[in-house]
>>> print(open('work_34.cif').read())   # mmCIF, C-alpha atoms (C1' of nucleotides)
data_entry
#
loop_
_atom_site.group_PDB
_atom_site.id
_atom_site.type_symbol
_atom_site.label_atom_id
_atom_site.label_comp_id
_atom_site.auth_asym_id
_atom_site.auth_seq_id
_atom_site.Cartn_x
_atom_site.Cartn_y
_atom_site.Cartn_z
ATOM 1 C CA MET A 1 76.248 121.172 119.335
ATOM 2 C CA THR A 2 74.660 124.256 120.779
ATOM 3 C CA ARG A 3 75.692 123.033 124.190
ATOM 4 C CA THR A 4 72.404 123.586 125.855
ATOM 5 C CA LYS A 5 72.709 122.138 129.287
ATOM 6 C CA ALA A 6 71.366 118.652 129.445
ATOM 7 C CA SER A 7 69.342 119.534 132.482
ATOM 8 C CA ASN A 8 67.427 122.024 130.385
ATOM 9 C CA SER A 9 66.528 119.660 127.592
ATOM 10 C CA LYS A 10 63.527 117.792 128.837
ATOM 11 C CA CYS A 11 64.021 115.288 126.088
ATOM 12 C CA ALA A 12 60.357 115.232 125.183
ATOM 13 C CA ALA A 13 58.834 111.849 124.515
ATOM 14 C CA THR A 14 58.563 110.937 120.871
ATOM 15 C CA THR A 15 55.552 111.850 118.821
ATOM 16 C CA GLU A 16 53.764 108.573 118.852
ATOM 17 C CA LYS A 17 51.176 109.007 116.105
ATOM 18 C CA LEU A 18 49.857 105.767 114.821
ATOM 19 C CA ALA A 19 48.378 105.049 111.424
ATOM 20 C CA LEU A 20 50.253 107.673 109.531
ATOM 21 C CA PRO A 21 49.367 108.363 105.978
ATOM 22 C CA ASP A 22 51.571 106.276 103.804
ATOM 23 C CA VAL A 23 53.817 108.993 102.510
ATOM 24 C CA GLU A 24 54.561 110.433 105.898
ATOM 25 C CA TRP A 25 55.075 106.961 107.244
ATOM 26 C CA ALA A 26 57.600 106.288 104.526
ATOM 27 C CA ASP A 27 59.445 109.501 105.244
ATOM 28 C CA ASP A 28 59.648 108.633 108.900
ATOM 29 C CA LEU A 29 60.994 105.191 108.348
ATOM 30 C CA ALA A 30 63.386 106.377 105.684
ATOM 31 C CA LYS A 31 64.813 108.965 108.014
ATOM 32 C CA LEU A 32 65.340 106.495 110.800
ATOM 33 C CA THR A 33 66.817 103.801 108.623
ATOM 34 C CA TRP A 34 69.032 106.341 106.989
ATOM 35 C CA ALA A 35 70.525 107.059 110.365
ATOM 36 C CA LEU A 36 71.674 103.470 110.497
ATOM 37 C CA ALA A 37 72.664 103.312 106.878
ATOM 38 C CA HIS A 38 76.355 103.526 107.625
ATOM 39 C CA PRO A 39 78.474 100.929 109.389
ATOM 40 C CA ALA A 40 80.087 103.498 111.616
ATOM 41 C CA ARG A 41 76.727 104.664 112.895
ATOM 42 C CA VAL A 42 75.528 101.143 113.481
ATOM 43 C CA ARG A 43 78.638 100.477 115.497
ATOM 44 C CA ILE A 44 78.159 103.612 117.525
ATOM 45 C CA VAL A 45 74.609 102.613 118.352
ATOM 46 C CA ARG A 46 75.731 99.148 119.318
ATOM 47 C CA LEU A 47 78.456 100.594 121.462
ATOM 48 C CA LEU A 48 76.030 102.812 123.281
ATOM 49 C CA LEU A 49 73.602 99.972 123.769
ATOM 50 C CA SER A 50 76.299 97.782 125.214
ATOM 51 C CA ARG A 51 76.866 100.505 127.784
ATOM 52 C CA LYS A 52 80.548 99.889 127.578
ATOM 53 C CA SER A 53 81.059 103.522 126.956
ATOM 54 C CA CYS A 54 79.150 106.656 126.676
ATOM 55 C CA VAL A 55 81.718 109.415 126.480
ATOM 56 C CA CYS A 56 82.537 110.724 123.055
ATOM 57 C CA GLY A 57 86.254 110.172 123.481
ATOM 58 C CA GLU A 58 85.785 106.508 124.159
ATOM 59 C CA ILE A 59 83.663 106.135 121.086
ATOM 60 C CA VAL A 60 86.387 107.735 119.019
ATOM 61 C CA GLU A 61 88.922 105.306 120.439
ATOM 62 C CA GLU A 62 86.818 102.350 119.419
ATOM 63 C CA MET A 63 86.475 103.500 115.854
ATOM 64 C CA PRO A 64 89.065 103.710 113.087
ATOM 65 C CA LEU A 65 87.988 107.223 112.279
ATOM 66 C CA ALA A 66 89.115 110.735 113.039
ATOM 67 C CA GLN A 67 87.482 112.542 115.918
ATOM 68 C CA SER A 68 85.775 114.999 113.622
ATOM 69 C CA THR A 69 84.301 112.225 111.542
ATOM 70 C CA VAL A 70 82.904 110.481 114.578
ATOM 71 C CA SER A 71 81.473 113.768 115.701
ATOM 72 C CA GLN A 72 79.691 114.127 112.388
ATOM 73 C CA HIS A 73 78.166 110.694 112.693
ATOM 74 C CA LEU A 74 77.050 111.518 116.205
ATOM 75 C CA LYS A 75 75.468 114.670 114.887
ATOM 76 C CA ILE A 76 73.468 112.679 112.380
ATOM 77 C CA LEU A 77 72.375 110.244 115.048
ATOM 78 C CA LYS A 78 71.310 113.129 117.233
ATOM 79 C CA GLU A 79 69.421 114.847 114.434
ATOM 80 C CA THR A 80 67.394 111.745 113.777
ATOM 81 C CA GLY A 81 66.777 111.458 117.480
ATOM 82 C CA LEU A 82 68.312 108.054 117.960
ATOM 83 C CA VAL A 83 70.937 109.389 120.319
ATOM 84 C CA GLN A 84 71.137 112.103 122.913
ATOM 85 C CA GLY A 85 74.162 113.861 124.337
ATOM 86 C CA GLU A 86 74.442 115.128 127.855
ATOM 87 C CA ILE A 87 77.117 117.507 128.970
ATOM 88 C CA ASP A 88 79.199 115.962 131.694
ATOM 89 C CA GLY A 89 81.818 118.446 132.689
ATOM 90 C CA PRO A 90 84.227 118.991 129.852
ATOM 91 C CA ARG A 91 83.020 115.934 128.025
ATOM 92 C CA VAL A 92 79.783 114.756 126.492
ATOM 93 C CA CYS A 93 78.088 111.574 127.481
ATOM 94 C CA TYR A 94 76.054 109.987 124.730
ATOM 95 C CA CYS A 95 73.265 107.566 125.167
ATOM 96 C CA ILE A 96 70.544 105.933 123.153
ATOM 97 C CA HIS A 97 67.192 107.638 123.000
ATOM 98 C CA LYS A 98 65.164 104.558 123.729
ATOM 99 C CA ALA A 99 61.858 105.912 122.512
ATOM 100 C CA ALA A 100 63.330 106.706 119.124
ATOM 101 C CA LEU A 101 64.935 103.330 118.853
ATOM 102 C CA ALA A 102 61.669 101.740 119.840
ATOM 103 C CA LYS A 103 59.924 103.686 117.135
ATOM 104 C CA LEU A 104 62.406 102.477 114.572
ATOM 105 C CA LYS A 105 61.939 98.914 115.712
ATOM 106 C CA LYS A 106 58.209 99.253 115.583
ATOM 107 C CA LEU A 107 58.215 100.712 112.111
ATOM 108 C CA VAL A 108 60.518 98.048 110.772
ATOM 109 C CA ALA A 109 58.629 95.287 112.522
ATOM 110 C CA SER A 110 55.365 96.486 111.071
ATOM 111 C CA LEU A 111 56.651 96.270 107.541
ATOM 112 C CA MET B 1 68.800 93.685 84.751
ATOM 113 C CA THR B 2 70.571 90.886 82.983
ATOM 114 C CA ARG B 3 67.213 89.379 82.283
ATOM 115 C CA THR B 4 68.068 85.901 83.401
ATOM 116 C CA LYS B 5 64.884 83.952 83.334
ATOM 117 C CA ALA B 6 63.256 83.870 86.701
ATOM 118 C CA SER B 7 62.829 80.151 86.400
ATOM 119 C CA ASN B 8 66.599 79.794 86.260
ATOM 120 C CA SER B 9 67.400 81.834 89.340
ATOM 121 C CA LYS B 10 66.887 79.461 92.211
ATOM 122 C CA CYS B 11 66.759 82.407 94.543
ATOM 123 C CA ALA B 12 69.009 80.753 97.097
ATOM 124 C CA ALA B 13 67.998 81.111 100.703
ATOM 125 C CA THR B 14 69.770 83.861 102.596
ATOM 126 C CA THR B 15 73.035 83.208 104.363
ATOM 127 C CA GLU B 16 71.798 82.874 107.862
ATOM 128 C CA LYS B 17 74.980 83.120 109.930
ATOM 129 C CA LEU B 18 74.337 83.947 113.532
ATOM 130 C CA ALA B 19 76.627 85.649 115.991
ATOM 131 C CA LEU B 20 78.565 87.668 113.476
ATOM 132 C CA PRO B 21 81.621 89.555 114.555
ATOM 133 C CA ASP B 22 80.605 93.061 115.366
ATOM 134 C CA VAL B 23 82.077 94.775 112.362
ATOM 135 C CA GLU B 24 80.557 92.422 109.856
ATOM 136 C CA TRP B 25 77.272 92.606 111.697
ATOM 137 C CA ALA B 26 77.351 96.361 111.425
ATOM 138 C CA ASP B 27 78.087 96.205 107.715
ATOM 139 C CA ASP B 28 75.192 93.848 107.186
ATOM 140 C CA LEU B 29 72.723 95.967 109.023
ATOM 141 C CA ALA B 30 74.004 99.132 107.424
ATOM 142 C CA LYS B 31 73.544 97.675 103.983
ATOM 143 C CA LEU B 32 69.995 96.579 104.679
ATOM 144 C CA THR B 33 68.948 99.780 106.344
ATOM 145 C CA TRP B 34 70.563 101.724 103.583
ATOM 146 C CA ALA B 35 68.206 100.023 101.164
ATOM 147 C CA LEU B 36 65.314 101.572 103.049
ATOM 148 C CA ALA B 37 67.006 104.882 103.578
ATOM 149 C CA HIS B 38 64.965 106.644 100.956
ATOM 150 C CA PRO B 39 61.252 107.364 101.061
ATOM 151 C CA ALA B 40 60.731 106.111 97.539
ATOM 152 C CA ARG B 41 62.239 102.756 98.388
ATOM 153 C CA VAL B 42 60.208 102.448 101.546
ATOM 154 C CA ARG B 43 57.091 103.123 99.560
ATOM 155 C CA ILE B 44 58.032 100.542 96.973
ATOM 156 C CA VAL B 45 58.550 97.937 99.658
ATOM 157 C CA ARG B 46 55.239 98.810 101.244
ATOM 158 C CA LEU B 47 53.542 98.622 97.910
ATOM 159 C CA LEU B 48 54.941 95.188 97.241
ATOM 160 C CA LEU B 49 53.983 94.002 100.689
ATOM 161 C CA SER B 50 50.443 95.200 100.236
ATOM 162 C CA ARG B 51 50.329 93.032 97.147
ATOM 163 C CA LYS B 52 48.347 95.663 95.408
ATOM 164 C CA SER B 53 50.752 95.559 92.582
ATOM 165 C CA CYS B 54 53.772 93.745 91.540
ATOM 166 C CA VAL B 55 54.439 94.825 87.985
ATOM 167 C CA CYS B 56 57.006 97.551 87.482
ATOM 168 C CA GLY B 57 54.672 99.754 85.488
ATOM 169 C CA GLU B 58 52.156 99.852 88.272
ATOM 170 C CA ILE B 59 54.831 100.844 90.719
ATOM 171 C CA VAL B 60 55.856 103.689 88.457
ATOM 172 C CA GLU B 61 52.265 104.888 88.292
ATOM 173 C CA GLU B 62 52.037 105.039 92.052
ATOM 174 C CA MET B 63 55.139 107.132 92.422
ATOM 175 C CA PRO B 64 55.794 110.742 91.471
ATOM 176 C CA LEU B 65 59.002 109.774 89.765
ATOM 177 C CA ALA B 66 60.215 109.049 86.295
ATOM 178 C CA GLN B 67 60.285 105.462 85.142
ATOM 179 C CA SER B 68 64.063 105.429 85.010
ATOM 180 C CA THR B 69 64.314 106.686 88.564
ATOM 181 C CA VAL B 70 61.968 104.027 89.847
ATOM 182 C CA SER B 71 63.989 101.464 87.986
ATOM 183 C CA GLN B 72 67.124 102.627 89.750
ATOM 184 C CA HIS B 73 65.486 102.307 93.143
ATOM 185 C CA LEU B 74 64.325 98.840 92.216
ATOM 186 C CA LYS B 75 67.864 97.991 91.248
ATOM 187 C CA ILE B 76 69.110 99.046 94.654
ATOM 188 C CA LEU B 77 66.435 97.005 96.357
ATOM 189 C CA LYS B 78 67.373 94.014 94.278
ATOM 190 C CA GLU B 79 71.076 94.424 94.958
ATOM 191 C CA THR B 80 70.495 94.396 98.663
ATOM 192 C CA GLY B 81 68.309 91.361 98.226
ATOM 193 C CA LEU B 82 65.148 92.845 99.641
ATOM 194 C CA VAL B 83 63.303 92.470 96.399
ATOM 195 C CA GLN B 84 63.289 90.033 93.527
ATOM 196 C CA GLY B 85 62.087 90.489 89.989
ATOM 197 C CA GLU B 86 60.577 87.797 87.868
ATOM 198 C CA ILE B 87 60.092 88.104 84.185
ATOM 199 C CA ASP B 88 56.449 87.839 83.292
ATOM 200 C CA GLY B 89 56.141 88.090 79.592
ATOM 201 C CA PRO B 90 57.157 91.526 78.427
ATOM 202 C CA ARG B 91 56.948 92.910 81.954
ATOM 203 C CA VAL B 92 58.683 92.282 85.228
ATOM 204 C CA CYS B 93 56.864 91.263 88.346
ATOM 205 C CA TYR B 94 58.549 92.373 91.540
ATOM 206 C CA CYS B 95 58.060 90.860 94.922
ATOM 207 C CA ILE B 96 59.558 91.000 98.359
ATOM 208 C CA HIS B 97 62.271 88.554 99.216
ATOM 209 C CA LYS B 98 60.845 87.495 102.519
ATOM 210 C CA ALA B 99 64.010 85.956 103.895
ATOM 211 C CA ALA B 100 65.935 89.176 103.375
ATOM 212 C CA LEU B 101 63.196 91.221 104.953
ATOM 213 C CA ALA B 102 63.126 88.810 107.862
ATOM 214 C CA LYS B 103 66.852 89.215 108.272
ATOM 215 C CA LEU B 104 66.503 92.966 108.345
ATOM 216 C CA LYS B 105 63.766 92.714 110.935
ATOM 217 C CA LYS B 106 65.809 90.356 113.019
ATOM 218 C CA LEU B 107 68.884 92.552 112.928
ATOM 219 C CA VAL B 108 66.939 95.648 113.842
ATOM 220 C CA ALA B 109 65.004 93.861 116.540
ATOM 221 C CA SER B 110 68.196 92.566 118.087
ATOM 222 C CA LEU B 111 69.606 96.026 118.447
ATOM 223 C "C1'" DC C 1 61.426 90.307 60.764
ATOM 224 C "C1'" DA C 2 59.070 94.540 61.959
ATOM 225 C "C1'" DA C 3 56.674 97.088 65.290
ATOM 226 C "C1'" DG C 4 55.361 98.093 69.765
ATOM 227 C "C1'" DC C 5 55.486 97.815 74.557
ATOM 228 C "C1'" DA C 6 57.847 97.271 79.148
ATOM 229 C "C1'" DT C 7 61.903 97.731 81.479
ATOM 230 C "C1'" DA C 8 66.847 98.556 82.045
ATOM 231 C "C1'" DT C 9 70.866 101.210 81.267
ATOM 232 C "C1'" DC C 10 73.470 105.358 79.876
ATOM 233 C "C1'" DG C 11 74.905 110.057 80.298
ATOM 234 C "C1'" DT C 12 74.523 114.074 82.689
ATOM 235 C "C1'" DA C 13 73.795 117.526 86.310
ATOM 236 C "C1'" DC C 14 73.370 118.705 90.883
ATOM 237 C "C1'" DA C 15 73.186 117.719 95.772
ATOM 238 C "C1'" DT C 16 74.790 115.277 99.591
ATOM 239 C "C1'" DC C 17 77.900 111.968 102.063
ATOM 240 C "C1'" DG C 18 82.039 110.778 104.220
ATOM 241 C "C1'" DA C 19 86.544 111.583 105.254
ATOM 242 C "C1'" DC C 20 90.201 114.501 106.917
ATOM 243 C "C1'" DG C 21 92.913 118.397 109.127
ATOM 244 C "C1'" DA C 22 92.440 122.777 111.025
ATOM 245 C "C1'" DT C 23 90.078 125.668 113.842
ATOM 246 C "C1'" DA C 24 86.562 127.265 117.114
ATOM 247 C "C1'" DT C 25 84.030 126.657 121.332
ATOM 248 C "C1'" DA C 26 83.068 125.247 126.004
ATOM 249 C "C1'" DC C 27 84.435 123.732 130.401
ATOM 250 C "C1'" DA C 28 87.890 122.648 134.505
ATOM 251 C "C1'" DG C 29 91.632 123.681 136.952
ATOM 252 C "C1'" DT C 30 95.514 126.703 138.249
ATOM 253 C "C1'" DA D 1 92.731 135.405 132.988
ATOM 254 C "C1'" DC D 2 95.495 131.442 131.074
ATOM 255 C "C1'" DT D 3 96.094 126.631 129.874
ATOM 256 C "C1'" DG D 4 94.757 122.285 128.688
ATOM 257 C "C1'" DT D 5 91.344 118.983 127.450
ATOM 258 C "C1'" DA D 6 87.159 117.489 125.087
ATOM 259 C "C1'" DT D 7 84.037 118.175 121.564
ATOM 260 C "C1'" DA D 8 81.886 120.623 117.690
ATOM 261 C "C1'" DT D 9 82.181 123.066 113.471
ATOM 262 C "C1'" DC D 10 84.382 124.629 109.130
ATOM 263 C "C1'" DG D 11 86.428 124.063 104.647
ATOM 264 C "C1'" DT D 12 87.712 121.027 101.304
ATOM 265 C "C1'" DC D 13 87.884 117.096 98.316
ATOM 266 C "C1'" DG D 14 86.625 112.829 96.099
ATOM 267 C "C1'" DA D 15 82.947 109.552 95.878
ATOM 268 C "C1'" DT D 16 78.284 108.478 95.623
ATOM 269 C "C1'" DG D 17 73.110 109.339 95.462
ATOM 270 C "C1'" DT D 18 69.215 111.058 93.039
ATOM 271 C "C1'" DA D 19 66.870 112.773 89.386
ATOM 272 C "C1'" DC D 20 65.862 113.171 84.539
ATOM 273 C "C1'" DG D 21 65.594 112.364 79.387
ATOM 274 C "C1'" DA D 22 67.346 109.600 75.860
ATOM 275 C "C1'" DT D 23 68.538 105.324 74.314
ATOM 276 C "C1'" DA D 24 69.210 100.330 74.390
ATOM 277 C "C1'" DT D 25 67.497 95.725 75.315
ATOM 278 C "C1'" DG D 26 64.231 92.049 75.465
ATOM 279 C "C1'" DC D 27 59.822 89.980 74.729
ATOM 280 C "C1'" DT D 28 55.392 89.354 72.143
ATOM 281 C "C1'" DT D 29 52.551 89.764 68.430
ATOM 282 C "C1'" DG D 30 51.326 90.509 63.721
#
>>> encode(input="work_34.cif", output="structure tokens")
Amino acid sequence: MTRTKASNSKCAATTEKLALPDVEWADDLAKLTWALAHPARVRIVRLLLSRKSCVCGEIVEEMPLAQSTVSQHLKILKETGLVQGEIDGPRVCYCIHKAALAKLKKLVASL
Amino acid sequence: MTRTKASNSKCAATTEKLALPDVEWADDLAKLTWALAHPARVRIVRLLLSRKSCVCGEIVEEMPLAQSTVSQHLKILKETGLVQGEIDGPRVCYCIHKAALAKLKKLVASL
DNA sequence: CAAGCATATCGTACATCGACGATATACAGT
DNA sequence: ACTGTATATCGTCGATGTACGATATGCTTG
């Protein structure tokens, strides 16, 4: 993480483009589904949705994986936009990027 | 493909189990999303849904990939249950396994 | 059964994933 | 500034994904 202050990242709304050309559409969906294409990442997303926890450390505790591994999965989830991290003092609070998740749901639903 | 006659494979309805334990649930979703986690496979699924074509050869023609590569993607889609192949004379007619797709949609929607 | 076509599988090469421990970086408090 | 804590990144390794051409398999037809 480049550790840009959360307050600076305006977390721009997703590009909402409808009716994509097929190839681009496929790339989009593939990227989003790929983010969920690992049980650990699915569990992280579920965890964040359940609001039980948000801080990275808590996520690590809930998973049978090393901290660095969890961090890598979080990085992937961030890169695909499904998750955002906000700096909260010395820790990082993760949460679901609802617009991205909505996009994923929409794309899958419209299959 | 083991080339079992399509007429012999009863194509059993999907295991519908609700309220899975979280870990198993995550594995299920991860497996299904993983099937779509490649643009080529998304395009194949879209192609089959559009009903434009069904025969393997036609799929190959629509994709910028070698026949063997397409066949591998089809294998993955079959293994995850999203797609079924039926022998139609010397060729194979692929189609979407609607129950599996419905399961994927349900799992994603219930995120 | 021989030949030809459609599809699957094999073998290979390269890239990427997924895991870990070790280390670096950023922040809070003293 | 120094220390400790939390998180990210690096380096590595084995496993797997993705692509291809070549070959095998299975069906249909002559």
>>> resolve_selection(input="work_34.cif", expression="the PyMOL selection byres ((chain C) within 8 of (chain A))", output="list in words")
DG18, DA19, DC20, DA26, DC27 and DA28 of chain C
>>> resolve_selection(input="work_34.cif", expression="the PyMOL selection byres ((chain D) within 10 of (chain B))", output="PyMOL selection string")
chain D and resi 18-21+25-28
>>> interface_residues(input="work_34.cif", of="chain A", to="chain B", cutoff="7 Å", atoms="all atoms listed in the file", output="tab-separated table (two decimals) with C-alpha atoms, in the coordinates of the input")
chain	number	residue	atom	x	y	z
A	26	ALA	CA	57.60	106.29	104.53
A	27	ASP	CA	59.44	109.50	105.24
A	30	ALA	CA	63.39	106.38	105.68
A	31	LYS	CA	64.81	108.96	108.01
A	33	THR	CA	66.82	103.80	108.62
A	34	TRP	CA	69.03	106.34	106.99
A	36	LEU	CA	71.67	103.47	110.50
A	37	ALA	CA	72.66	103.31	106.88
A	38	HIS	CA	76.36	103.53	107.62
A	39	PRO	CA	78.47	100.93	109.39
A	42	VAL	CA	75.53	101.14	113.48
A	43	ARG	CA	78.64	100.48	115.50
A	46	ARG	CA	75.73	99.15	119.32
A	105	LYS	CA	61.94	98.91	115.71
A	108	VAL	CA	60.52	98.05	110.77
A	109	ALA	CA	58.63	95.29	112.52
A	111	LEU	CA	56.65	96.27	107.54
>>> axis_aligned_box(input="work_34.cif", around="stretch 92-103 of chain A", padding_each_side="3 Å", output="lines of an AutoDock Vina configuration file")
center_x = 69.9
center_y = 108.2
center_z = 122.3
size_x = 25.9
size_y = 19.0
size_z = 16.3
>>> resolve_selection(input="work_34.cif", expression="the PyMOL selection byres ((chain D and resi 11) around 9)", output="CSV table (one decimal) with C-alpha atoms (C1' of nucleotides), in the frame of the given file")
chain,number,residue,atom,x,y,z
C,22,DA,C1',92.4,122.8,111.0
D,10,DC,C1',84.4,124.6,109.1
D,12,DT,C1',87.7,121.0,101.3
>>> atom_distance(input="work_34.cif", atom1="atom C1' of C:DC10", atom2="atom C1' of D:DT23")
7.4 Å
